Amino acid sequence: MKHRRIPRRRTMLAGAGALALAATATVTLANAHAAPASAAAALSPSAATALASQLKAGTAGAYYDAAARKLVVNVVDEASAATVRAKGAEARIVRHSMAQLDAARRTLKARATIPGTAWAMDPRSNKVVVTADRTVTGAALARLTKVTKGLGDTVELRRSKGEFKPLIAGGDAIWGSGARCSLGFNVVKDGQPYFLTAGHCGNAVKSWSDQQGGQEIATTEESTFPGSDYSLSKYTGDTAHPSEVDLYNGSTQKITQAADATVGEKVQRSGSTTQVHDGTVKALNASVNYQEGTVDGLIQTDVCAEPGDSGGALFDGESALGLTSGGSGDCSSGGETFFQPVPAALQAYGAQIG
């Protein structure tokens with residue numbers, strides 16, 4: 001699908017939105033090693049994503065090695081390693097199974113859902129990485145530290161100098177009363193034109209314009225936040241809605257499909273505040289605890305974003321991957337951003353790219 005082109009204007013942002021998580025360095029697991037005799041095939045990112053979806057059962061996560069153009073799949077035994085190698089991926093024997101990592105995540109959710117925290121499974125370190133922002137102090141930090149220590153080496157606790165907080169201000173700019181977000185992707189539902197943006201944007205705005213104080217072009221029909229972070233708006237005005245993303249250089253990127261992201265995949269983000277930036281997918285199924293509540297199932301990246309980029313498009317070539325949910329840092333010093341996967345939004349609303 002494509003962004004429709006909307007005249008770009010700027011103003012001060014107001015309102016609700018995105019969260020932040022600190023940038024985290026990859027940690028090497030000392031006892032993890034590649035299984036011998038790997039015959040990993042050279043794969044494109046899209047081929048690696050397709051293969052990863054076939055190799056979820058019995059594995060402990062996977063990531064794409066862009067330099068070597070191969071998919072690396074974590075396993076806990078030699079039998080599983082043989083299956084992975086037979087499919088053309090590299091098998092890597094690790095300590096912790098997916099069941100163990102999922103159990104750690106459940107414990108964190110039950111005992112450490114503290115505003116200002118986030119966690120995701122890092123397939124490179126074979127751990128659940130927990131990040132606490134600068135607001136987590138005192139009794140809250142003591143509680144978090146106790147829970148993470150109790151989970152042993154399945155979990156690693158890190159601190160962020162930033163703060164997880166809503167950011168509305170985020171493709172092409174779309175405006176509501178007192179708020180600005182970014183359009184994510186144009187979609188079709190029941191033969192009618194709609195667009196996707198962030199749920200925290202849809203919660204805040206019911207009538208959208210393509211310029212501040214302008215004529216209505218769309219209305220929010222459905223919106224979910226927290227829990228997930230997506231919303232669906234129906235076009236009401238005679239506004240072009242091509243299936244493309246604005247690259248802010250006089251050209252656009254055609255979007256033809258929605259796809260799942262893969263750890264290690266190189267991606268781009270388009271938003272109305274900072275325009276286009278690129279980076280890498282760092283983790284999947286991330287959970288972030290906003291002040292407003294927890295959002296699960298997010299894509300974690302090292303792409304920067306700023307207020308107003310909320311709802312904007314994360315993409316890889318012609319594939320729509322995510323909607324900007326929030327992040328820490330900025331595009332001068334760098335940062336980290338989380339995205340709501342597009343396939344989940346399309347499934348929730350019965351819509352298609354278009």
# chains A, B, ... in the order shown; residues from 1 in each chain; ligands from 1
call {"tool": "residues_around", "arguments": {"residues": "Thr49 of chain A", "least_positions_apart": "5", "cutoff": "10 Å", "atoms": "only C-alpha atoms", "output": "ChimeraX atom specification"}}
result
/A:43-44,54,62-64,71,259-263,265
call {"tool": "residues_around", "arguments": {"residues": "Val73 of chain A", "least_positions_apart": "4", "cutoff": "7 Å", "atoms": "only C-alpha atoms", "output": "JSON, numbers by chain"}}
result
{"A": [59, 61, 62, 63, 89, 90, 91, 92]}
call {"tool": "closest_atom_pairs", "arguments": {"of": "segment 155-268 of chain A", "to": "segment 299-319 of chain A", "cutoff": "9 Å", "atoms": "only C-alpha atoms", "output": "Markdown table"}}
result
| residue | atom | partner | partner_atom | distance |
| --- | --- | --- | --- | --- |
| A:Pro166 | CA | A:Pro307 | CA | 8.4 |
| A:Leu167 | CA | A:Pro307 | CA | 4.7 |
| A:Ile168 | CA | A:Gly308 | CA | 5.1 |
| A:Ala169 | CA | A:Gly308 | CA | 2.5 |
| A:Gly170 | CA | A:Asp309 | CA | 2.4 |
| A:Gly171 | CA | A:Gly312 | CA | 5.1 |
| A:Asp172 | CA | A:Gly312 | CA | 7.7 |
| A:Ala173 | CA | A:Gly308 | CA | 8.0 |
| A:Ala179 | CA | A:Gly308 | CA | 8.5 |
| A:Arg180 | CA | A:Gly308 | CA | 5.9 |
| A:Cys181 | CA | A:Gly308 | CA | 5.0 |
| A:Ser182 | CA | A:Gly312 | CA | 4.7 |
| A:Leu183 | CA | A:Gly312 | CA | 5.3 |
| A:Gly184 | CA | A:Gly312 | CA | 4.3 |
| A:Phe185 | CA | A:Ala313 | CA | 6.5 |
| A:Leu196 | CA | A:Gly311 | CA | 7.6 |
| A:Thr197 | CA | A:Gly311 | CA | 4.2 |
| A:Ala198 | CA | A:Gly311 | CA | 4.1 |
| A:Gly199 | CA | A:Gly311 | CA | 7.9 |
| A:His200 | CA | A:Ser310 | CA | 8.5 |
| A:Cys201 | CA | A:Gly311 | CA | 7.1 |
| A:Asp229 | CA | A:Gly311 | CA | 8.8 |
| A:Tyr230 | CA | A:Gly311 | CA | 7.9 |
| A:Ser231 | CA | A:Gly311 | CA | 8.9 |
| A:Glu244 | CA | A:Glu318 | CA | 8.4 |
| A:Val245 | CA | A:Ala313 | CA | 7.3 |
| A:Gln253 | CA | A:Glu318 | CA | 6.9 |
| A:Lys254 | CA | A:Glu318 | CA | 5.6 |
| A:Ile255 | CA | A:Glu318 | CA | 4.2 |
| A:Thr256 | CA | A:Glu318 | CA | 5.4 |
| A:Gln257 | CA | A:Ser319 | CA | 5.1 |
| A:Ala258 | CA | A:Ser319 | CA | 5.2 |
| A:Ala259 | CA | A:Ser319 | CA | 5.8 |
| A:Asp260 | CA | A:Ser319 | CA | 8.8 |
| A:Ala261 | CA | A:Ile299 | CA | 7.5 |
| A:Val263 | CA | A:Gln300 | CA | 8.8 |
| A:Glu265 | CA | A:Asp316 | CA | 8.3 |
| A:Lys266 | CA | A:Asp316 | CA | 7.1 |
| A:Val267 | CA | A:Asp316 | CA | 5.1 |
| A:Gln268 | CA | A:Phe315 | CA | 5.5 |
call {"tool": "atom_distance", "arguments": {"atom1": "atom CA of Ser287 of chain A", "atom2": "atom CA of Val136 of chain A"}}
result
16.2 Å
call {"tool": "residues_around", "arguments": {"residues": "Asn203 of chain A", "least_positions_apart": "6", "cutoff": "10 Å", "atoms": "only C-alpha atoms", "output": "VMD selection string"}}
result
chain A and resid 16 to 17 220 222 to 226 229 to 231
call {"tool": "write_last_selection", "arguments": {"atoms": "N, CA and C atoms", "output": "tab-separated table (two decimals), in the first residue's frame"}}
result
chain	number	residue	atom	x	y	z
A	16	ALA	N	-0.42	12.98	22.73
A	16	ALA	CA	-0.24	11.67	23.28
A	16	ALA	C	0.73	10.83	22.54
A	17	GLY	N	1.21	9.81	22.95
A	17	GLY	CA	1.85	8.93	22.19
A	17	GLY	C	2.87	7.97	22.22
A	220	THR	N	-11.44	8.82	12.35
A	220	THR	CA	-11.01	7.59	13.01
A	220	THR	C	-12.22	6.68	13.21
A	222	GLU	N	-11.73	3.05	14.12
A	222	GLU	CA	-11.39	2.14	15.22
A	222	GLU	C	-9.99	2.49	15.72
A	223	SER	N	-9.76	2.27	17.01
A	223	SER	CA	-8.45	2.59	17.59
A	223	SER	C	-8.19	1.72	18.81
A	224	THR	N	-6.96	1.21	18.92
A	224	THR	CA	-6.59	0.37	20.06
A	224	THR	C	-5.27	0.85	20.65
A	225	PHE	N	-5.29	1.22	21.92
A	225	PHE	CA	-4.10	1.61	22.68
A	225	PHE	C	-4.54	1.85	24.13
A	226	PRO	N	-3.82	1.30	25.14
A	226	PRO	CA	-2.68	0.39	25.02
A	226	PRO	C	-3.11	-1.03	24.68
A	229	ASP	N	-1.08	-0.92	19.40
A	229	ASP	CA	-0.97	0.50	19.10
A	229	ASP	C	-1.25	0.74	17.61
A	230	TYR	N	-2.53	0.56	17.23
A	230	TYR	CA	-2.93	0.79	15.84
A	230	TYR	C	-4.32	1.39	15.79
A	231	SER	N	-4.58	2.15	14.73
A	231	SER	CA	-5.91	2.69	14.49
A	231	SER	C	-6.20	2.72	13.00
call {"tool": "residues_around", "arguments": {"residues": "Thr113 of chain A", "least_positions_apart": "3", "cutoff": "10 Å", "atoms": "only C-alpha atoms", "output": "list in words"}}
result
Thr107, Leu108, Lys109, Ala110, Gly116, Thr117, Ala118, Ala140, Leu144, Ser287, Val288, Asn289, Tyr290, Gly293 and Thr294 of chain A
call {"tool": "select_by_dssp", "arguments": {"residues": "segment 15-179 of chain A", "states": "alpha helix (DSSP H)", "output": "JSON list (two decimals) with N, CA and C atoms, in the first residue's frame"}}
result
[["chain", "number", "residue", "atom", "x", "y", "z"],
["A", 45, "PRO", "N", 16.91, -10.48, 2.59],
["A", 45, "PRO", "CA", 16.12, -10.28, 3.82],
["A", 45, "PRO", "C", 14.72, -10.87, 3.72],
["A", 46, "SER", "N", 14.05, -10.72, 2.58],
["A", 46, "SER", "CA", 12.69, -11.26, 2.44],
["A", 46, "SER", "C", 12.70, -12.78, 2.47],
["A", 47, "ALA", "N", 13.71, -13.39, 1.85],
["A", 47, "ALA", "CA", 13.81, -14.85, 1.87],
["A", 47, "ALA", "C", 14.12, -15.35, 3.27],
["A", 48, "ALA", "N", 14.95, -14.60, 4.00],
["A", 48, "ALA", "CA", 15.27, -14.98, 5.38],
["A", 48, "ALA", "C", 14.03, -14.90, 6.26],
["A", 49, "THR", "N", 13.21, -13.86, 6.06],
["A", 49, "THR", "CA", 11.97, -13.72, 6.82],
["A", 49, "THR", "C", 11.04, -14.89, 6.56],
["A", 50, "ALA", "N", 10.91, -15.27, 5.28],
["A", 50, "ALA", "CA", 10.04, -16.40, 4.92],
["A", 50, "ALA", "C", 10.55, -17.69, 5.55],
["A", 51, "LEU", "N", 11.87, -17.90, 5.52],
["A", 51, "LEU", "CA", 12.44, -19.11, 6.10],
["A", 51, "LEU", "C", 12.28, -19.12, 7.61],
["A", 52, "ALA", "N", 12.47, -17.95, 8.25],
["A", 52, "ALA", "CA", 12.31, -17.88, 9.71],
["A", 52, "ALA", "C", 10.92, -18.30, 10.14],
["A", 53, "SER", "N", 9.91, -17.94, 9.33],
["A", 53, "SER", "CA", 8.53, -18.30, 9.69],
["A", 53, "SER", "C", 8.31, -19.81, 9.62],
["A", 54, "GLN", "N", 9.13, -20.51, 8.85],
["A", 54, "GLN", "CA", 9.01, -21.97, 8.74],
["A", 54, "GLN", "C", 9.77, -22.70, 9.85],
["A", 78, "GLU", "N", 21.15, -31.04, 19.01],
["A", 78, "GLU", "CA", 21.71, -31.35, 17.69],
["A", 78, "GLU", "C", 20.65, -31.80, 16.70],
["A", 79, "ALA", "N", 19.60, -32.47, 17.18],
["A", 79, "ALA", "CA", 18.53, -32.90, 16.27],
["A", 79, "ALA", "C", 17.86, -31.70, 15.62],
["A", 80, "SER", "N", 17.57, -30.69, 16.41],
["A", 80, "SER", "CA", 16.97, -29.47, 15.87],
["A", 80, "SER", "C", 17.94, -28.75, 14.95],
["A", 81, "ALA", "N", 19.23, -28.79, 15.29],
["A", 81, "ALA", "CA", 20.24, -28.16, 14.45],
["A", 81, "ALA", "C", 20.27, -28.79, 13.06],
["A", 82, "ALA", "N", 20.15, -30.11, 13.00],
["A", 82, "ALA", "CA", 20.15, -30.80, 11.71],
["A", 82, "ALA", "C", 18.96, -30.36, 10.86],
["A", 83, "THR", "N", 17.80, -30.19, 11.48],
["A", 83, "THR", "CA", 16.61, -29.74, 10.76],
["A", 83, "THR", "C", 16.81, -28.34, 10.20],
["A", 84, "VAL", "N", 17.40, -27.47, 11.01],
["A", 84, "VAL", "CA", 17.65, -26.10, 10.58],
["A", 84, "VAL", "C", 18.61, -26.05, 9.40],
["A", 85, "ARG", "N", 19.72, -26.82, 9.50],
["A", 85, "ARG", "CA", 20.70, -26.84, 8.41],
["A", 85, "ARG", "C", 20.10, -27.38, 7.13],
["A", 86, "ALA", "N", 19.23, -28.38, 7.26],
["A", 86, "ALA", "CA", 18.61, -28.97, 6.07],
["A", 86, "ALA", "C", 17.73, -27.97, 5.32],
["A", 98, "MET", "N", 13.14, -21.48, 23.92],
["A", 98, "MET", "CA", 12.11, -20.46, 23.83],
["A", 98, "MET", "C", 11.12, -20.59, 24.98],
["A", 99, "ALA", "N", 10.86, -21.80, 25.40],
["A", 99, "ALA", "CA", 9.94, -22.00, 26.54],
["A", 99, "ALA", "C", 10.49, -21.34, 27.80],
["A", 100, "GLN", "N", 11.79, -21.44, 28.03],
["A", 100, "GLN", "CA", 12.40, -20.81, 29.20],
["A", 100, "GLN", "C", 12.34, -19.28, 29.11],
["A", 101, "LEU", "N", 12.60, -18.76, 27.92],
["A", 101, "LEU", "CA", 12.55, -17.30, 27.73],
["A", 101, "LEU", "C", 11.13, -16.78, 27.85],
["A", 102, "ASP", "N", 10.17, -17.52, 27.31],
["A", 102, "ASP", "CA", 8.77, -17.12, 27.44],
["A", 102, "ASP", "C", 8.33, -17.15, 28.90],
["A", 103, "ALA", "N", 8.82, -18.14, 29.65],
["A", 103, "ALA", "CA", 8.48, -18.20, 31.07],
["A", 103, "ALA", "C", 9.03, -16.99, 31.81],
["A", 104, "ALA", "N", 10.23, -16.55, 31.44],
["A", 104, "ALA", "CA", 10.81, -15.35, 32.05],
["A", 104, "ALA", "C", 9.96, -14.12, 31.73],
["A", 105, "ARG", "N", 9.49, -14.02, 30.49],
["A", 105, "ARG", "CA", 8.64, -12.89, 30.10],
["A", 105, "ARG", "C", 7.33, -12.89, 30.89],
["A", 106, "ARG", "N", 6.76, -14.08, 31.10],
["A", 106, "ARG", "CA", 5.51, -14.15, 31.87],
["A", 106, "ARG", "C", 5.73, -13.70, 33.31],
["A", 107, "THR", "N", 6.88, -14.08, 33.88],
["A", 107, "THR", "CA", 7.19, -13.65, 35.24],
["A", 107, "THR", "C", 7.36, -12.14, 35.31],
["A", 108, "LEU", "N", 8.04, -11.58, 34.33],
["A", 108, "LEU", "CA", 8.20, -10.12, 34.28],
["A", 108, "LEU", "C", 6.86, -9.42, 34.18],
["A", 109, "LYS", "N", 5.98, -9.94, 33.32],
["A", 109, "LYS", "CA", 4.66, -9.33, 33.16],
["A", 109, "LYS", "C", 3.86, -9.39, 34.45],
["A", 110, "ALA", "N", 3.95, -10.52, 35.16],
["A", 110, "ALA", "CA", 3.17, -10.71, 36.39],
["A", 110, "ALA", "C", 3.74, -9.93, 37.57],
["A", 111, "ARG", "N", 5.06, -9.77, 37.63],
["A", 111, "ARG", "CA", 5.69, -9.23, 38.83],
["A", 111, "ARG", "C", 6.43, -7.92, 38.64],
["A", 138, "GLY", "N", 14.10, 4.06, 43.37],
["A", 138, "GLY", "CA", 13.59, 3.70, 44.69],
["A", 138, "GLY", "C", 13.00, 2.31, 44.77],
["A", 139, "ALA", "N", 11.80, 2.22, 45.34],
["A", 139, "ALA", "CA", 11.15, 0.93, 45.56],
["A", 139, "ALA", "C", 10.87, 0.22, 44.25],
["A", 140, "ALA", "N", 10.51, 0.97, 43.20],
["A", 140, "ALA", "CA", 10.23, 0.35, 41.90],
["A", 140, "ALA", "C", 11.48, -0.31, 41.34],
["A", 141, "LEU", "N", 12.61, 0.37, 41.43],
["A", 141, "LEU", "CA", 13.86, -0.20, 40.93],
["A", 141, "LEU", "C", 14.28, -1.40, 41.77],
["A", 142, "ALA", "N", 14.09, -1.31, 43.07],
["A", 142, "ALA", "CA", 14.43, -2.44, 43.94],
["A", 142, "ALA", "C", 13.58, -3.66, 43.59],
["A", 143, "ARG", "N", 12.30, -3.43, 43.34],
["A", 143, "ARG", "CA", 11.40, -4.53, 42.95],
["A", 143, "ARG", "C", 11.84, -5.14, 41.63],
["A", 144, "LEU", "N", 12.15, -4.30, 40.66],
["A", 144, "LEU", "CA", 12.57, -4.79, 39.34],
["A", 144, "LEU", "C", 13.87, -5.57, 39.45],
["A", 145, "THR", "N", 14.81, -5.06, 40.23],
["A", 145, "THR", "CA", 16.10, -5.73, 40.40],
["A", 145, "THR", "C", 15.92, -7.10, 41.05],
["A", 146, "LYS", "N", 15.05, -7.18, 42.03],
["A", 146, "LYS", "CA", 14.80, -8.46, 42.71],
["A", 146, "LYS", "C", 14.21, -9.48, 41.75],
["A", 147, "VAL", "N", 13.25, -9.04, 40.95],
["A", 147, "VAL", "CA", 12.61, -9.97, 40.00],
["A", 147, "VAL", "C", 13.60, -10.45, 38.96],
["A", 148, "THR", "N", 14.38, -9.54, 38.40],
["A", 148, "THR", "CA", 15.32, -9.93, 37.35],
["A", 148, "THR", "C", 16.42, -10.83, 37.90],
["A", 149, "LYS", "N", 16.91, -10.55, 39.10],
["A", 149, "LYS", "CA", 17.93, -11.42, 39.69],
["A", 149, "LYS", "C", 17.38, -12.82, 39.93],
["A", 150, "GLY", "N", 16.11, -12.90, 40.30],
["A", 150, "GLY", "CA", 15.48, -14.19, 40.53],
["A", 150, "GLY", "C", 15.35, -15.04, 39.28]]
call {"tool": "closest_residue", "arguments": {"among": "A:Pro193, A:Gly178, A:Pro123, A:Pro115", "to": "Ser97 of chain A", "atoms": "only C-alpha atoms"}}
result
A:Pro123
call {"tool": "atom_distance", "arguments": {"atom1": "atom CA of Gly191 of chain A", "atom2": "atom CA of Ile217 of chain A"}}
result
17.6 Å
call {"tool": "closest_residue", "arguments": {"among": "A:Ser270, A:Thr324, A:Ser177, A:Asn74", "to": "Glu216 of chain A", "atoms": "only C-alpha atoms"}}
result
A:Ser177
call {"tool": "residues_around", "arguments": {"residues": "Trp208 of chain A", "least_positions_apart": "4", "cutoff": "7 Å", "atoms": "only C-alpha atoms", "output": "JSON, numbers by chain"}}
result
{"A": [174, 175, 176, 216, 217, 218, 219]}
